[in-house]
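Okay, structure23.csv now, which holds CSV, C-alpha atoms and all ligand atoms:
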chain,number,residue,atom,x,y,z
S,19,MET,CA,105.5,119.0,75.2
S,20,MET,CA,103.6,117.6,78.2
S,21,ILE,CA,103.2,113.8,78.3
S,22,LYS,CA,99.8,114.4,79.9
S,23,PRO,CA,98.7,117.3,82.0
S,24,THR,CA,97.0,116.2,85.2
S,25,GLN,CA,93.4,117.4,85.3
S,26,VAL,CA,93.1,118.2,89.0
S,27,PRO,CA,95.6,118.8,91.8
S,28,VAL,CA,95.0,115.4,93.4
S,29,ILE,CA,97.6,115.4,96.2
S,30,ASN,CA,96.0,117.7,98.8
S,31,LEU,CA,98.6,118.6,101.4
S,32,ASN,CA,96.2,120.8,103.5
S,33,GLN,CA,95.9,117.9,105.8
S,34,VAL,CA,98.2,115.0,106.6
S,35,GLN,CA,97.8,112.4,103.9
S,36,VAL,CA,97.8,108.6,104.5
S,37,MET,CA,99.7,106.8,101.7
S,38,GLY,CA,98.8,103.1,101.7
S,39,ILE,CA,101.5,100.7,100.5
S,40,LEU,CA,100.6,98.3,97.7
S,41,ASN,CA,103.5,96.0,97.0
S,42,VAL,CA,103.2,94.0,93.8
S,43,THR,CA,106.5,92.2,93.9
S,44,PRO,CA,106.6,88.5,94.3
S,45,ASP,CA,108.9,88.8,97.4
S,46,SER,CA,107.3,91.8,99.1
S,47,PHE,CA,108.9,92.8,102.3
S,48,SER,CA,106.1,92.5,104.7
S,49,ASP,CA,103.1,90.9,103.0
S,50,GLY,CA,105.1,87.8,101.9
S,51,GLY,CA,104.0,88.3,98.4
S,52,LYS,CA,100.4,87.9,99.4
S,53,PHE,CA,99.1,90.6,97.0
S,54,SER,CA,101.1,89.6,94.0
S,55,SER,CA,98.1,88.6,91.9
S,56,PHE,CA,96.1,91.3,90.2
S,57,ASP,CA,92.7,90.5,91.9
S,58,LYS,CA,94.2,90.4,95.4
S,59,ALA,CA,95.9,93.7,94.7
S,60,LEU,CA,92.6,95.3,93.6
S,61,LYS,CA,90.8,93.9,96.7
S,62,GLN,CA,93.5,95.5,98.8
S,63,VAL,CA,93.0,98.8,97.0
S,64,GLU,CA,89.2,98.6,97.8
S,65,LEU,CA,89.9,97.9,101.4
S,66,MET,CA,92.4,100.8,101.7
S,67,ILE,CA,89.9,103.2,100.1
S,68,GLU,CA,87.1,102.0,102.5
S,69,ASN,CA,89.5,102.6,105.4
S,70,GLY,CA,90.2,106.2,104.3
S,71,VAL,CA,93.5,106.1,102.4
S,72,ASP,CA,94.4,109.3,100.5
S,73,ILE,CA,97.1,108.0,98.2
S,74,ILE,CA,97.9,104.5,97.0
S,75,ASP,CA,101.6,103.8,96.5
S,76,ILE,CA,102.2,101.0,94.0
S,77,GLY,CA,105.6,99.4,94.0
S,78,GLY,CA,106.9,96.8,91.5
S,79,GLU,CA,110.5,96.8,92.6
S,80,SER,CA,111.5,95.4,96.0
S,81,THR,CA,113.9,97.8,97.7
S,82,ARG,CA,114.2,96.0,101.0
S,83,PRO,CA,117.8,95.4,102.2
S,84,GLY,CA,119.4,92.7,100.0
S,85,ALA,CA,116.8,92.9,97.3
S,86,VAL,CA,117.9,92.2,93.7
S,87,ASP,CA,117.2,94.3,90.7
S,88,VAL,CA,114.1,93.8,88.6
S,89,SER,CA,113.9,94.3,84.8
S,90,GLU,CA,112.0,97.3,83.3
S,91,LYS,CA,109.7,95.0,81.5
S,92,ASP,CA,108.7,93.1,84.6
S,93,GLU,CA,108.2,96.2,86.6
S,94,ILE,CA,106.0,97.8,83.9
S,95,SER,CA,103.9,94.6,83.7
S,96,ARG,CA,103.4,94.5,87.4
S,97,VAL,CA,102.5,98.1,87.9
S,98,ILE,CA,100.9,99.7,84.8
S,99,PRO,CA,97.9,97.4,84.3
S,100,LEU,CA,97.0,97.9,88.0
S,101,LEU,CA,97.4,101.7,87.7
S,102,LYS,CA,95.1,101.7,84.7
S,103,VAL,CA,92.4,99.7,86.4
S,104,ILE,CA,92.6,101.7,89.6
S,105,LYS,CA,92.3,105.0,87.8
S,106,SER,CA,89.3,103.7,85.7
S,107,ARG,CA,87.4,102.3,88.7
S,108,PHE,CA,88.3,104.6,91.7
S,109,ASP,CA,88.6,108.3,92.4
S,110,ILE,CA,91.9,108.0,94.4
S,111,ALA,CA,95.3,109.4,94.0
S,112,VAL,CA,98.0,106.9,92.9
S,113,SER,CA,101.7,107.1,93.4
S,114,ILE,CA,104.1,104.9,91.5
S,115,ASP,CA,107.2,103.8,93.5
S,116,THR,CA,109.9,103.4,90.8
S,117,SER,CA,113.4,104.6,89.9
S,118,LYS,CA,113.2,103.8,86.2
S,119,ALA,CA,112.6,106.5,83.6
S,120,LYS,CA,110.5,104.2,81.3
S,121,VAL,CA,108.2,103.1,84.2
S,122,MET,CA,107.8,106.8,85.1
S,123,SER,CA,106.8,107.8,81.6
S,124,GLU,CA,104.3,105.0,81.4
S,125,ALA,CA,103.0,105.9,84.8
S,126,ILE,CA,102.5,109.5,83.9
S,127,LEU,CA,100.9,108.6,80.6
S,128,HIS,CA,98.4,106.4,82.4
S,129,GLY,CA,97.3,108.9,85.0
S,130,ALA,CA,99.6,108.5,88.0
S,131,ASP,CA,99.4,111.5,90.4
S,132,MET,CA,102.8,111.1,91.9
S,133,ILE,CA,106.2,109.5,91.3
S,134,ASN,CA,107.8,108.1,94.4
S,135,ASP,CA,111.5,107.6,93.7
S,136,VAL,CA,113.8,106.1,96.4
S,137,ARG,CA,116.7,107.1,94.2
S,138,ALA,CA,115.5,110.7,93.9
S,139,LEU,CA,115.5,110.9,90.1
S,140,GLN,CA,119.2,110.1,89.9
S,141,ASN,CA,118.8,107.3,87.3
S,142,GLU,CA,119.4,108.1,83.7
S,143,GLY,CA,116.5,110.0,82.0
S,144,CYS,CA,114.3,110.4,85.1
S,145,LEU,CA,114.7,114.1,85.5
S,146,ASP,CA,113.8,114.6,81.8
S,147,VAL,CA,110.8,112.4,81.9
S,148,VAL,CA,109.4,114.0,85.0
S,149,ALA,CA,110.2,117.5,83.6
S,150,GLN,CA,107.7,116.8,80.8
S,151,SER,CA,104.8,116.3,83.2
S,152,ASP,CA,103.4,118.2,86.0
S,153,ILE,CA,102.8,115.5,88.7
S,154,CYS,CA,104.2,115.4,92.2
S,155,ILE,CA,107.5,113.8,92.9
S,156,CYS,CA,108.8,112.3,96.2
S,157,LEU,CA,112.6,112.6,96.4
S,158,MET,CA,113.9,110.0,98.9
S,159,HIS,CA,117.4,109.9,100.5
S,160,MET,CA,119.3,106.6,100.3
S,161,GLN,CA,122.9,105.9,101.1
S,162,GLY,CA,124.2,103.1,98.8
S,163,MET,CA,122.0,100.7,97.0
S,164,PRO,CA,119.4,98.3,98.3
S,165,ARG,CA,121.6,95.2,97.9
S,166,THR,CA,124.4,96.5,100.2
S,167,MET,CA,123.0,99.6,101.9
S,168,GLN,CA,122.9,98.2,105.4
S,169,GLU,CA,126.5,96.9,105.4
S,170,LYS,CA,128.2,100.0,106.9
S,171,PRO,CA,126.1,103.1,106.8
S,172,HIS,CA,128.2,106.1,107.7
S,173,TYR,CA,127.5,109.8,108.1
S,174,LYS,CA,129.3,112.9,109.3
S,175,ASP,CA,126.1,114.2,110.6
S,176,ILE,CA,122.9,112.3,109.6
S,177,ILE,CA,120.7,115.4,109.5
S,178,ASP,CA,123.1,117.7,107.7
S,179,ASP,CA,124.2,115.0,105.2
S,180,VAL,CA,120.6,114.2,104.3
S,181,LEU,CA,119.7,117.9,104.0
S,182,ALA,CA,122.7,118.5,101.8
S,183,PHE,CA,121.5,115.7,99.5
S,184,PHE,CA,118.0,117.2,99.4
S,185,GLU,CA,119.5,120.6,98.4
S,186,GLN,CA,121.5,119.0,95.6
S,187,ARG,CA,118.5,117.1,94.3
S,188,VAL,CA,116.1,120.0,94.5
S,189,GLU,CA,118.7,122.1,92.6
S,190,SER,CA,119.0,119.4,89.9
S,191,CYS,CA,115.2,119.4,89.6
S,192,GLU,CA,115.0,123.1,89.3
S,193,ASN,CA,117.7,123.2,86.7
S,194,LYS,CA,115.5,120.9,84.5
S,195,GLY,CA,112.5,123.2,85.0
S,196,ILE,CA,110.8,121.0,87.6
S,197,LYS,CA,109.2,123.5,89.9
S,198,LYS,CA,109.8,123.2,93.6
S,199,GLU,CA,106.1,123.2,94.3
S,200,ARG,CA,105.9,119.7,92.8
S,201,LEU,CA,108.5,118.2,95.2
S,202,ILE,CA,108.1,116.2,98.5
S,203,LEU,CA,111.2,115.2,100.5
S,204,ASP,CA,111.7,112.0,102.4
S,205,PRO,CA,114.8,111.2,104.5
S,206,GLY,CA,114.4,107.5,103.7
S,207,PHE,CA,114.1,105.6,107.0
S,208,GLY,CA,116.0,102.3,106.8
S,209,PHE,CA,117.8,103.1,103.5
S,210,GLY,CA,121.5,102.9,104.4
S,211,LYS,CA,120.9,103.9,108.1
S,212,THR,CA,121.7,102.2,111.4
S,213,LEU,CA,119.1,102.0,114.1
S,214,LYS,CA,120.7,105.1,115.7
S,215,HIS,CA,120.6,107.1,112.5
S,216,ASN,CA,116.9,106.2,112.1
S,217,TYR,CA,116.0,107.4,115.6
S,218,GLN,CA,118.1,110.5,115.2
S,219,MET,CA,116.2,111.3,112.0
S,220,LEU,CA,112.9,110.7,113.8
S,221,SER,CA,113.8,112.8,116.8
S,222,ASP,CA,115.0,115.7,114.6
S,223,PHE,CA,112.5,115.2,111.9
S,224,ALA,CA,111.4,118.8,112.0
S,225,GLN,CA,114.9,119.8,110.8
S,226,PHE,CA,114.1,118.4,107.4
S,227,LYS,CA,111.6,121.3,107.0
S,228,ARG,CA,114.5,123.7,106.5
S,229,LEU,CA,114.0,123.5,102.7
S,230,ASN,CA,110.4,124.5,103.1
S,231,LEU,CA,109.0,121.5,101.2
S,232,PRO,CA,106.4,118.9,102.3
S,233,LEU,CA,107.9,115.8,104.0
S,234,LEU,CA,107.0,112.2,103.7
S,235,ALA,CA,107.8,109.6,106.5
S,236,GLY,CA,107.9,105.9,105.7
S,237,ILE,CA,108.5,103.9,108.9
S,238,SER,CA,105.7,101.4,108.8
S,239,ARG,CA,106.9,97.9,110.0
S,240,LYS,CA,110.5,98.7,109.3
S,241,SER,CA,113.4,97.2,111.1
S,242,MET,CA,113.9,100.3,113.2
S,243,ILE,CA,110.6,99.2,114.9
S,244,GLY,CA,111.2,95.4,114.7
S,245,ASN,CA,114.8,95.5,115.9
S,246,LEU,CA,114.1,97.9,118.7
S,247,LEU,CA,111.1,95.9,120.0
S,248,ASN,CA,112.3,92.5,118.9
S,249,ARG,CA,109.0,92.0,117.1
S,250,ASP,CA,108.4,90.3,113.8
S,251,ILE,CA,106.6,91.9,110.9
S,252,LYS,CA,103.1,91.2,112.1
S,253,GLN,CA,103.7,92.7,115.5
S,254,ARG,CA,105.0,96.1,114.6
S,255,LEU,CA,101.7,98.0,114.5
S,256,SER,CA,102.0,99.9,117.8
S,257,GLY,CA,105.6,100.8,117.2
S,258,SER,CA,104.8,101.9,113.6
S,259,LEU,CA,101.9,104.1,114.7
S,260,THR,CA,103.8,105.8,117.5
S,261,ALA,CA,106.7,106.6,115.1
S,262,ALA,CA,104.3,107.9,112.4
S,263,ILE,CA,102.6,110.2,114.9
S,264,VAL,CA,105.9,111.5,116.1
S,265,ALA,CA,106.8,112.3,112.5
S,266,VAL,CA,103.5,114.1,111.9
S,267,GLN,CA,103.9,116.1,115.1
S,268,GLN,CA,107.1,117.3,113.7
S,269,GLY,CA,105.7,118.3,110.4
S,270,ALA,CA,105.3,115.3,108.1
S,271,SER,CA,102.7,115.9,105.4
S,272,ILE,CA,102.4,112.3,104.3
S,273,ILE,CA,102.8,109.0,106.2
S,274,ARG,CA,103.5,105.9,104.1
S,275,VAL,CA,101.9,102.9,105.9
S,276,HIS,CA,100.7,99.3,105.6
S,277,ASP,CA,97.9,99.7,108.2
S,278,VAL,CA,95.6,102.3,106.8
S,279,ALA,CA,92.6,102.0,109.1
S,280,GLU,CA,94.7,102.3,112.2
S,281,SER,CA,96.8,105.2,110.9
S,282,VAL,CA,93.6,107.1,109.9
S,283,ASP,CA,92.3,106.6,113.5
S,284,ALA,CA,95.5,107.9,115.0
S,285,LEU,CA,95.4,111.0,112.8
S,286,LYS,CA,91.8,111.6,113.8
S,287,VAL,CA,92.9,111.7,117.4
S,288,LEU,CA,95.7,114.1,116.6
S,289,ARG,CA,93.3,116.4,114.7
S,290,ALA,CA,90.9,116.4,117.6
S,291,VAL,CA,93.7,117.3,120.0
S,292,ALA,CA,94.6,120.2,117.7
S,293,GLN,CA,90.9,121.2,117.3
S,294,TYR,CA,90.1,121.3,121.0
S,295,LYS,CA,93.2,123.1,122.1
S,296,SER,CA,92.3,126.2,124.1
N,301,LIG,C1,110.0,103.9,101.5
N,301,LIG,C2,109.6,104.0,100.1
N,301,LIG,C3,110.1,105.1,102.2
N,301,LIG,C4,109.4,106.3,100.3
N,301,LIG,C5,109.9,101.9,100.6
N,301,LIG,C6,109.4,99.4,103.0
N,301,LIG,C7,110.5,99.5,102.0
N,301,LIG,N1,109.3,105.2,99.5
N,301,LIG,N2,109.6,102.7,99.6
N,301,LIG,N3,109.8,106.2,101.6
N,301,LIG,N4,110.2,102.6,101.7
N,301,LIG,N5,109.2,107.5,99.7
N,301,LIG,O1,108.3,99.9,102.7
N,301,LIG,O2,109.7,98.8,104.0
N,301,LIG,O3,110.4,105.1,103.4
N,301,LIG,S1,110.1,100.2,100.4

Serialized structure, structure tokens:
Amino acid sequence: MMIKPTQVPVINLNQVQVMGILNVTPDSFSDGGKFSSFDKALKQVELMIENGVDIIDIGGESTRPGAVDVSEKDEISRVIPLLKVIKSRFDIAVSIDTSKAKVMSEAILHGADMINDVRALQNEGCLDVVAQSDICICLMHMQGMPRTMQEKPHYKDIIDDVLAFFEQRVESCENKGIKKERLILDPGFGFGKTLKHNYQMLSDFAQFKRLNLPLLAGISRKSMIGNLLNRDIKQRLSGSLTAAIVAVQQGASIIRVHDVAESVDALKVLRAVAQYKS
């Protein structure tokens, strides 16, 4: 039995989608916990919508390097009330960034349009929960776990290894009856990768299209920008935009960003370039 069928196909991949990041963790990576209170989060949602966001990605678990685990109860109380209010007030697609089956089922029940899982549905019960719905799922690659993933990332070949992981996860989904059409793949910039691995993935981003599934790129304000440029969080906009556009030019369907207005502008320029090509 379906938990809740979605009414409309809300994630439209006919044009590149801007996914705006809404962190609701007390220790959020790049907003310093600024939006941890409910009203501030809602204001941020309104602002993102005004600025042309397509999908809002709500995360209640910090997955930045070194982050500690959060309980299921805490994560649900951070994320679900916000999801409910957004869905009742705004006509916007919402993605829930979680790796916990219980959070996923609550999210699906309350109208989430997408599950964004940095652990690619590997945690117990996740495949089963998602199989009972029909919403989109983003499967992200991560080597190791957030607390320790940056200690010694190692790959035989970063592109081949990530592709092999995707193949295995897509197969697990299909074995559970989750149709391929619902899946989006993400190589997971910064998740168990050195600076070199990250730039290899960006240079060869188009290789990830080999499985014929839409791709998501999440690079915004990450250390692959900050460490390269020696810039702190607030000074990473130019680098982030450049990287996002490179990913889009190589076939990314969704870019996950903090700076919605600027990213929407950059995409408009790209579209004009495509439109006026002789
Ligand atoms: C990503 C994510 C990403 C997907 C985070 C941060 C760290 N989900 N959640 N892809 N990153 N799908 O935003 O810096 O790259 S949390």

Option closest in space to ligand LIG 301 (chain N), from S:Gln186, S:Thr212, S:Asn248, S:Asn134 [counting all atoms listed in the file]: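 With all atoms listed in the file as the atom set, the closest residue is S:Asn134.
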
Compute the distance from (87.1, 105.5, 101.8) to each atom, counting only C-alpha atoms, keep the residues with any atom at most 12 Å away, and return them as a compact mmCIF listing (two decimals) with C-alpha atoms, in the coordinates of the input; use the coordinates of the file.
# COMPACT_ATOMS: atom_id res chain seq x y z
CA VAL S 36 97.80 108.60 104.50
CA GLY S 38 98.80 103.10 101.70
CA VAL S 63 93.00 98.80 97.00
CA GLU S 64 89.20 98.60 97.80
CA LEU S 65 89.90 97.90 101.40
CA MET S 66 92.40 100.80 101.70
CA ILE S 67 89.90 103.20 100.10
CA GLU S 68 87.10 102.00 102.50
CA ASN S 69 89.50 102.60 105.40
CA GLY S 70 90.20 106.20 104.30
CA VAL S 71 93.50 106.10 102.40
CA ASP S 72 94.40 109.30 100.50
CA ILE S 73 97.10 108.00 98.20
CA ILE S 74 97.90 104.50 97.00
CA PHE S 108 88.30 104.60 91.70
CA ASP S 109 88.60 108.30 92.40
CA ILE S 110 91.90 108.00 94.40
CA ALA S 111 95.30 109.40 94.00
CA VAL S 278 95.60 102.30 106.80
CA ALA S 279 92.60 102.00 109.10
CA VAL S 282 93.60 107.10 109.90

Ligand LIG 301 (chain N) neighbours within 7 Å using only C-alpha atoms and all ligand atoms, as a list in words: Phe47, Ser80, Thr81, Arg82, Asp115, Asn134, Asp135, Val136, Cys156, Leu157, Met158, Asp204, Gly206, Phe207, Leu234, Ala235, Gly236, Ile237, Ser238, Arg239, Lys240 and Arg274 of chain S

Pick out the residues sitting within 10 Å of stretch 187-200 of chain S, and hand them over as a CSV table (one decimal) with C-alpha atoms, in the frame of the given file; count all atoms listed in the file, and ignore anything fewer than 2 positions along from it in its own chain.
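Saved as around02.csv:
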chain,number,residue,atom,x,y,z
S,29,ILE,CA,97.6,115.4,96.2
S,132,MET,CA,102.8,111.1,91.9
S,138,ALA,CA,115.5,110.7,93.9
S,139,LEU,CA,115.5,110.9,90.1
S,140,GLN,CA,119.2,110.1,89.9
S,145,LEU,CA,114.7,114.1,85.5
S,146,ASP,CA,113.8,114.6,81.8
S,148,VAL,CA,109.4,114.0,85.0
S,149,ALA,CA,110.2,117.5,83.6
S,150,GLN,CA,107.7,116.8,80.8
S,151,SER,CA,104.8,116.3,83.2
S,152,ASP,CA,103.4,118.2,86.0
S,153,ILE,CA,102.8,115.5,88.7
S,154,CYS,CA,104.2,115.4,92.2
S,155,ILE,CA,107.5,113.8,92.9
S,156,CYS,CA,108.8,112.3,96.2
S,157,LEU,CA,112.6,112.6,96.4
S,158,MET,CA,113.9,110.0,98.9
S,159,HIS,CA,117.4,109.9,100.5
S,181,LEU,CA,119.7,117.9,104.0
S,182,ALA,CA,122.7,118.5,101.8
S,183,PHE,CA,121.5,115.7,99.5
S,184,PHE,CA,118.0,117.2,99.4
S,185,GLU,CA,119.5,120.6,98.4
S,202,ILE,CA,108.1,116.2,98.5
S,203,LEU,CA,111.2,115.2,100.5
S,229,LEU,CA,114.0,123.5,102.7
S,230,ASN,CA,110.4,124.5,103.1
S,231,LEU,CA,109.0,121.5,101.2
S,232,PRO,CA,106.4,118.9,102.3

Exercise: S:Gln268 partners within 10 Å, all atoms listed in the file, chain neighbours under 6 positions left out, as a PyMOL selection string: chain S and resi 220-227+233+262

Residue nearest S:Pro164 among S:Gly210, S:Pro99, S:Gly257, S:Gly129 (counting only C-alpha atoms): S:Gly210

One-decimal distance in Å that lies between atom CA of S:Val86 and atom CA of S:Ala125: 22.1 Å

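The interatomic distance for the pair atom CA of S:Asp250 and atom CA of S:Asp283 works out to 22.9 Å.
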